[in-house]
file model_28.cif (mmCIF, N, CA and C atoms)
data_data
#
loop_
_atom_site.label_atom_id
_atom_site.label_comp_id
_atom_site.auth_asym_id
_atom_site.auth_seq_id
_atom_site.Cartn_x
_atom_site.Cartn_y
_atom_site.Cartn_z
N MET A 279 -3.63 -57.07 25.04
CA MET A 279 -3.82 -55.82 24.36
C MET A 279 -3.94 -54.72 25.41
N LYS A 280 -3.37 -53.56 25.12
CA LYS A 280 -3.45 -52.42 26.03
C LYS A 280 -4.47 -51.43 25.48
N LEU A 281 -5.39 -51.02 26.35
CA LEU A 281 -6.42 -50.06 25.97
C LEU A 281 -6.28 -48.81 26.82
N GLN A 282 -6.49 -47.66 26.21
CA GLN A 282 -6.60 -46.41 26.96
C GLN A 282 -7.97 -45.85 26.65
N LEU A 283 -8.82 -45.84 27.67
CA LEU A 283 -10.21 -45.44 27.47
C LEU A 283 -10.52 -44.16 28.23
N LYS A 284 -11.22 -43.25 27.58
CA LYS A 284 -11.65 -41.99 28.20
C LYS A 284 -13.02 -42.24 28.83
N VAL A 285 -13.12 -41.98 30.14
CA VAL A 285 -14.37 -42.18 30.87
C VAL A 285 -14.72 -40.84 31.53
N PRO A 286 -15.46 -39.97 30.81
CA PRO A 286 -15.65 -38.59 31.27
C PRO A 286 -16.40 -38.42 32.59
N ASP A 287 -17.23 -39.39 32.96
CA ASP A 287 -17.97 -39.24 34.21
C ASP A 287 -17.34 -39.98 35.39
N MET A 288 -16.09 -40.40 35.26
CA MET A 288 -15.33 -40.99 36.37
C MET A 288 -14.74 -39.83 37.18
N THR A 289 -15.17 -39.71 38.44
CA THR A 289 -14.79 -38.53 39.21
C THR A 289 -13.98 -38.81 40.47
N CYS A 290 -13.93 -40.06 40.92
CA CYS A 290 -13.27 -40.31 42.21
C CYS A 290 -12.77 -41.76 42.29
N GLY A 291 -12.13 -42.05 43.39
CA GLY A 291 -11.63 -43.40 43.63
C GLY A 291 -12.73 -44.44 43.67
N GLY A 292 -13.91 -44.05 44.14
CA GLY A 292 -15.05 -44.97 44.16
C GLY A 292 -15.45 -45.37 42.75
N CYS A 293 -15.39 -44.41 41.84
CA CYS A 293 -15.69 -44.70 40.43
C CYS A 293 -14.67 -45.68 39.87
N VAL A 294 -13.40 -45.45 40.19
CA VAL A 294 -12.33 -46.35 39.72
C VAL A 294 -12.59 -47.76 40.23
N SER A 295 -12.98 -47.88 41.49
CA SER A 295 -13.26 -49.18 42.08
C SER A 295 -14.43 -49.87 41.38
N THR A 296 -15.50 -49.12 41.12
CA THR A 296 -16.66 -49.68 40.44
C THR A 296 -16.29 -50.16 39.03
N ILE A 297 -15.54 -49.33 38.31
CA ILE A 297 -15.12 -49.68 36.95
C ILE A 297 -14.19 -50.89 36.97
N THR A 298 -13.26 -50.91 37.92
CA THR A 298 -12.34 -52.04 38.06
C THR A 298 -13.11 -53.33 38.29
N ASN A 299 -14.06 -53.29 39.21
CA ASN A 299 -14.86 -54.49 39.51
C ASN A 299 -15.67 -54.94 38.29
N ALA A 300 -16.19 -53.98 37.53
CA ALA A 300 -16.96 -54.32 36.34
C ALA A 300 -16.09 -55.01 35.30
N ILE A 301 -14.89 -54.48 35.09
CA ILE A 301 -13.97 -55.09 34.12
C ILE A 301 -13.54 -56.47 34.59
N LYS A 302 -13.31 -56.62 35.89
CA LYS A 302 -12.88 -57.92 36.43
C LYS A 302 -13.95 -58.99 36.26
N THR A 303 -15.23 -58.62 36.13
CA THR A 303 -16.26 -59.62 35.88
C THR A 303 -16.11 -60.20 34.47
N VAL A 304 -15.54 -59.42 33.56
CA VAL A 304 -15.31 -59.89 32.19
C VAL A 304 -13.97 -60.61 32.10
N ASP A 305 -12.93 -60.00 32.68
CA ASP A 305 -11.58 -60.54 32.62
C ASP A 305 -10.93 -60.43 33.99
N ALA A 306 -10.97 -61.53 34.73
CA ALA A 306 -10.45 -61.55 36.09
C ALA A 306 -8.94 -61.28 36.13
N ASN A 307 -8.26 -61.48 35.02
CA ASN A 307 -6.81 -61.30 34.97
C ASN A 307 -6.39 -59.95 34.40
N ALA A 308 -7.34 -59.09 34.12
CA ALA A 308 -7.02 -57.78 33.53
C ALA A 308 -6.21 -56.94 34.50
N SER A 309 -5.29 -56.15 33.96
CA SER A 309 -4.56 -55.15 34.72
C SER A 309 -5.22 -53.81 34.45
N ILE A 310 -5.66 -53.13 35.52
CA ILE A 310 -6.47 -51.93 35.36
C ILE A 310 -5.89 -50.80 36.21
N GLN A 311 -5.77 -49.63 35.59
CA GLN A 311 -5.37 -48.43 36.32
C GLN A 311 -6.34 -47.32 35.95
N GLY A 312 -6.93 -46.71 36.96
CA GLY A 312 -7.86 -45.61 36.72
C GLY A 312 -7.28 -44.30 37.21
N ASP A 313 -7.47 -43.25 36.44
CA ASP A 313 -7.00 -41.91 36.79
C ASP A 313 -8.19 -40.95 36.71
N PRO A 314 -8.88 -40.75 37.85
CA PRO A 314 -10.08 -39.90 37.82
C PRO A 314 -9.77 -38.44 37.47
N LYS A 315 -8.57 -37.97 37.78
CA LYS A 315 -8.21 -36.58 37.46
C LYS A 315 -8.22 -36.35 35.95
N ASN A 316 -7.61 -37.29 35.22
CA ASN A 316 -7.54 -37.17 33.76
C ASN A 316 -8.64 -37.96 33.05
N LYS A 317 -9.46 -38.67 33.84
CA LYS A 317 -10.61 -39.43 33.32
C LYS A 317 -10.20 -40.51 32.32
N ILE A 318 -9.08 -41.18 32.64
CA ILE A 318 -8.53 -42.22 31.78
C ILE A 318 -8.49 -43.55 32.54
N VAL A 319 -8.87 -44.62 31.84
CA VAL A 319 -8.73 -45.97 32.37
C VAL A 319 -7.79 -46.72 31.43
N LEU A 320 -6.71 -47.25 32.01
CA LEU A 320 -5.77 -48.07 31.25
C LEU A 320 -6.06 -49.53 31.58
N VAL A 321 -6.25 -50.33 30.56
CA VAL A 321 -6.59 -51.74 30.75
C VAL A 321 -5.67 -52.60 29.90
N GLU A 322 -5.07 -53.60 30.53
CA GLU A 322 -4.33 -54.61 29.77
C GLU A 322 -5.13 -55.90 29.88
N THR A 323 -5.58 -56.40 28.73
CA THR A 323 -6.51 -57.53 28.71
C THR A 323 -6.31 -58.36 27.45
N GLU A 324 -6.80 -59.58 27.50
CA GLU A 324 -6.83 -60.45 26.33
C GLU A 324 -8.21 -60.41 25.67
N PHE A 325 -9.16 -59.73 26.29
CA PHE A 325 -10.52 -59.69 25.79
C PHE A 325 -10.69 -58.55 24.78
N PRO A 326 -11.69 -58.65 23.90
CA PRO A 326 -11.92 -57.59 22.91
C PRO A 326 -12.28 -56.26 23.56
N GLU A 327 -11.88 -55.17 22.91
CA GLU A 327 -12.18 -53.83 23.43
C GLU A 327 -13.67 -53.64 23.67
N VAL A 328 -14.50 -54.15 22.78
CA VAL A 328 -15.94 -53.97 22.92
C VAL A 328 -16.45 -54.62 24.22
N ALA A 329 -15.89 -55.74 24.63
CA ALA A 329 -16.32 -56.41 25.87
C ALA A 329 -15.97 -55.55 27.09
N ILE A 330 -14.80 -54.92 27.06
CA ILE A 330 -14.38 -54.07 28.17
C ILE A 330 -15.25 -52.81 28.22
N LYS A 331 -15.49 -52.21 27.07
CA LYS A 331 -16.35 -51.02 27.02
C LYS A 331 -17.76 -51.34 27.49
N ASN A 332 -18.29 -52.50 27.10
CA ASN A 332 -19.63 -52.91 27.54
C ASN A 332 -19.69 -53.07 29.05
N ALA A 333 -18.64 -53.62 29.65
CA ALA A 333 -18.61 -53.78 31.11
C ALA A 333 -18.66 -52.43 31.79
N ILE A 334 -17.93 -51.46 31.26
CA ILE A 334 -17.91 -50.12 31.86
C ILE A 334 -19.26 -49.44 31.71
N THR A 335 -19.87 -49.53 30.53
CA THR A 335 -21.18 -48.89 30.34
C THR A 335 -22.26 -49.58 31.16
N THR A 336 -22.16 -50.89 31.32
CA THR A 336 -23.12 -51.61 32.16
C THR A 336 -23.01 -51.15 33.62
N ALA A 337 -21.82 -50.75 34.03
CA ALA A 337 -21.61 -50.23 35.39
C ALA A 337 -22.12 -48.80 35.54
N GLY A 338 -22.56 -48.18 34.44
CA GLY A 338 -23.17 -46.86 34.51
C GLY A 338 -22.30 -45.70 34.07
N TYR A 339 -21.24 -45.99 33.34
CA TYR A 339 -20.31 -44.94 32.90
C TYR A 339 -20.26 -44.89 31.38
N GLN A 340 -20.04 -43.69 30.86
CA GLN A 340 -19.82 -43.51 29.43
C GLN A 340 -18.37 -43.79 29.09
N VAL A 341 -18.14 -44.29 27.90
CA VAL A 341 -16.77 -44.48 27.40
C VAL A 341 -16.68 -43.76 26.06
N ASN A 342 -15.74 -42.85 25.94
CA ASN A 342 -15.54 -42.13 24.67
C ASN A 342 -14.34 -42.70 23.94
#

call {"tool": "encode", "arguments": {"input": "model_28.cif", "output": "C-alpha cells"}}
result
Amino acid sequence: MKLQLKVPDMTCGGCVSTITNAIKTVDANASIQGDPKNKIVLVETEFPEVAIKNAITTAGYQVN
C-alpha cells in the first residue's frame, strides 16, 4: 500500500532520517521518501497505516 502522510514538524534531513528509522522498526522492507520542504512522507508498505503513523508519532512527530 502507498501512503502519503503530512508531517508538519519535519524540517530537515535529520528529521527524515529519524522518521525513516522509526518506520523501519515497524516494516524493515518499507520504501520511504521524505520531503522536508513540502513536509510529506511517502511510504510503500504492507503494514496498516495506523502502525506507520504510530511509529512516526512515537519518534516525536505529528502526522496529519

call {"tool": "residues_near_point", "arguments": {"input": "model_28.cif", "point": "(-19.9, -52.9, 38.9)", "cutoff": "9 Å", "atoms": "only C-alpha atoms", "output": "list in words"}}
result
Ser295, Thr296, Ile297, Thr298, Asn299, Ala300, Ile301, Lys302, Thr303, Ala333, Ile334, Thr336, Ala337 and Gly338 of chain A

call {"tool": "closest_residue", "arguments": {"input": "model_28.cif", "among": "A:Lys284, A:Glu327, A:Met279, A:Thr289", "to": "Val341 (chain A)", "atoms": "only N, CA and C atoms"}}
result
A:Lys284

call {"tool": "resolve_selection", "arguments": {"input": "model_28.cif", "expression": "the PyMOL selection byres ((chain A and resi 323) around 6)", "output": "MDAnalysis selection string"}}
result
chainID A and resid 279:281 308:309 321:322 324:325

call {"tool": "residues_around", "arguments": {"input": "model_28.cif", "residues": "Leu320 (chain A)", "least_positions_apart": "6", "cutoff": "6.5 Å", "atoms": "all atoms listed in the file", "output": "tab-separated table (two decimals) with N, CA and C atoms, in the frame of the given file"}}
result
chain	number	residue	atom	x	y	z
A	281	LEU	N	-5.39	-51.02	26.35
A	281	LEU	CA	-6.42	-50.06	25.97
A	281	LEU	C	-6.28	-48.81	26.82
A	282	GLN	N	-6.49	-47.66	26.21
A	282	GLN	CA	-6.60	-46.41	26.96
A	282	GLN	C	-7.97	-45.85	26.65
A	283	LEU	N	-8.82	-45.84	27.67
A	283	LEU	CA	-10.21	-45.44	27.47
A	283	LEU	C	-10.52	-44.16	28.23
A	309	SER	N	-5.29	-56.15	33.96
A	309	SER	CA	-4.56	-55.15	34.72
A	309	SER	C	-5.22	-53.81	34.45
A	310	ILE	N	-5.66	-53.13	35.52
A	310	ILE	CA	-6.47	-51.93	35.36
A	310	ILE	C	-5.89	-50.80	36.21
A	311	GLN	N	-5.77	-49.63	35.59
A	311	GLN	CA	-5.37	-48.43	36.32
A	311	GLN	C	-6.34	-47.32	35.95
A	312	GLY	N	-6.93	-46.71	36.96
A	312	GLY	CA	-7.86	-45.61	36.72
A	312	GLY	C	-7.28	-44.30	37.21
A	313	ASP	N	-7.47	-43.25	36.44
A	313	ASP	CA	-7.00	-41.91	36.79
A	313	ASP	C	-8.19	-40.95	36.71

call {"tool": "select_by_dssp", "arguments": {"input": "model_28.cif", "residues": "chain A", "states": "strand (DSSP E)", "output": "ChimeraX atom specification"}}
result
/A:280-284,309-313,318-322

call {"tool": "select_by_dssp", "arguments": {"input": "model_28.cif", "residues": "chain A", "states": "helix (DSSP H, G or I)", "output": "VMD selection string"}}
result
chain A and resid 291 to 304 327 to 336

call {"tool": "atom_distance", "arguments": {"input": "model_28.cif", "atom1": "atom C of Ile330 (chain A)", "atom2": "CA of Val285 (chain A)"}}
result
11.0 Å

call {"tool": "atom_distance", "arguments": {"input": "model_28.cif", "atom1": "CA of Ala329 (chain A)", "atom2": "CA of Asp305 (chain A)"}}
result
9.2 Å

call {"tool": "atom_distance", "arguments": {"input": "model_28.cif", "atom1": "CA of Met288 (chain A)", "atom2": "CA of Pro314 (chain A)"}}
result
5.6 Å

call {"tool": "build_atoms", "arguments": {"input": "model_28.cif", "residues": "region 322-334 of chain A", "atoms": "N, CA, C and O atoms", "output": "CSV table (one decimal), in the coordinates of the input"}}
result
chain,number,residue,atom,x,y,z
A,322,GLU,N,-5.1,-53.6,30.5
A,322,GLU,CA,-4.3,-54.6,29.8
A,322,GLU,C,-5.1,-55.9,29.9
A,322,GLU,O,-5.4,-56.4,31.0
A,323,THR,N,-5.6,-56.4,28.7
A,323,THR,CA,-6.5,-57.5,28.7
A,323,THR,C,-6.3,-58.4,27.4
A,323,THR,O,-5.8,-57.9,26.5
A,324,GLU,N,-6.8,-59.6,27.5
A,324,GLU,CA,-6.8,-60.4,26.3
A,324,GLU,C,-8.2,-60.4,25.7
A,324,GLU,O,-8.4,-61.0,24.6
A,325,PHE,N,-9.2,-59.7,26.3
A,325,PHE,CA,-10.5,-59.7,25.8
A,325,PHE,C,-10.7,-58.6,24.8
A,325,PHE,O,-9.9,-57.6,24.8
A,326,PRO,N,-11.7,-58.6,23.9
A,326,PRO,CA,-11.9,-57.6,22.9
A,326,PRO,C,-12.3,-56.3,23.6
A,326,PRO,O,-12.9,-56.2,24.6
A,327,GLU,N,-11.9,-55.2,22.9
A,327,GLU,CA,-12.2,-53.8,23.4
A,327,GLU,C,-13.7,-53.6,23.7
A,327,GLU,O,-14.1,-53.1,24.7
A,328,VAL,N,-14.5,-54.2,22.8
A,328,VAL,CA,-15.9,-54.0,22.9
A,328,VAL,C,-16.4,-54.6,24.2
A,328,VAL,O,-17.3,-54.1,24.9
A,329,ALA,N,-15.9,-55.7,24.6
A,329,ALA,CA,-16.3,-56.4,25.9
A,329,ALA,C,-16.0,-55.6,27.1
A,329,ALA,O,-16.8,-55.4,28.0
A,330,ILE,N,-14.8,-54.9,27.1
A,330,ILE,CA,-14.4,-54.1,28.2
A,330,ILE,C,-15.2,-52.8,28.2
A,330,ILE,O,-15.7,-52.4,29.3
A,331,LYS,N,-15.5,-52.2,27.1
A,331,LYS,CA,-16.4,-51.0,27.0
A,331,LYS,C,-17.8,-51.3,27.5
A,331,LYS,O,-18.4,-50.6,28.2
A,332,ASN,N,-18.3,-52.5,27.1
A,332,ASN,CA,-19.6,-52.9,27.5
A,332,ASN,C,-19.7,-53.1,29.0
A,332,ASN,O,-20.7,-52.7,29.7
A,333,ALA,N,-18.6,-53.6,29.6
A,333,ALA,CA,-18.6,-53.8,31.1
A,333,ALA,C,-18.7,-52.4,31.8
A,333,ALA,O,-19.4,-52.3,32.8
A,334,ILE,N,-17.9,-51.5,31.3
A,334,ILE,CA,-17.9,-50.1,31.9
A,334,ILE,C,-19.3,-49.4,31.7
A,334,ILE,O,-19.8,-48.8,32.7
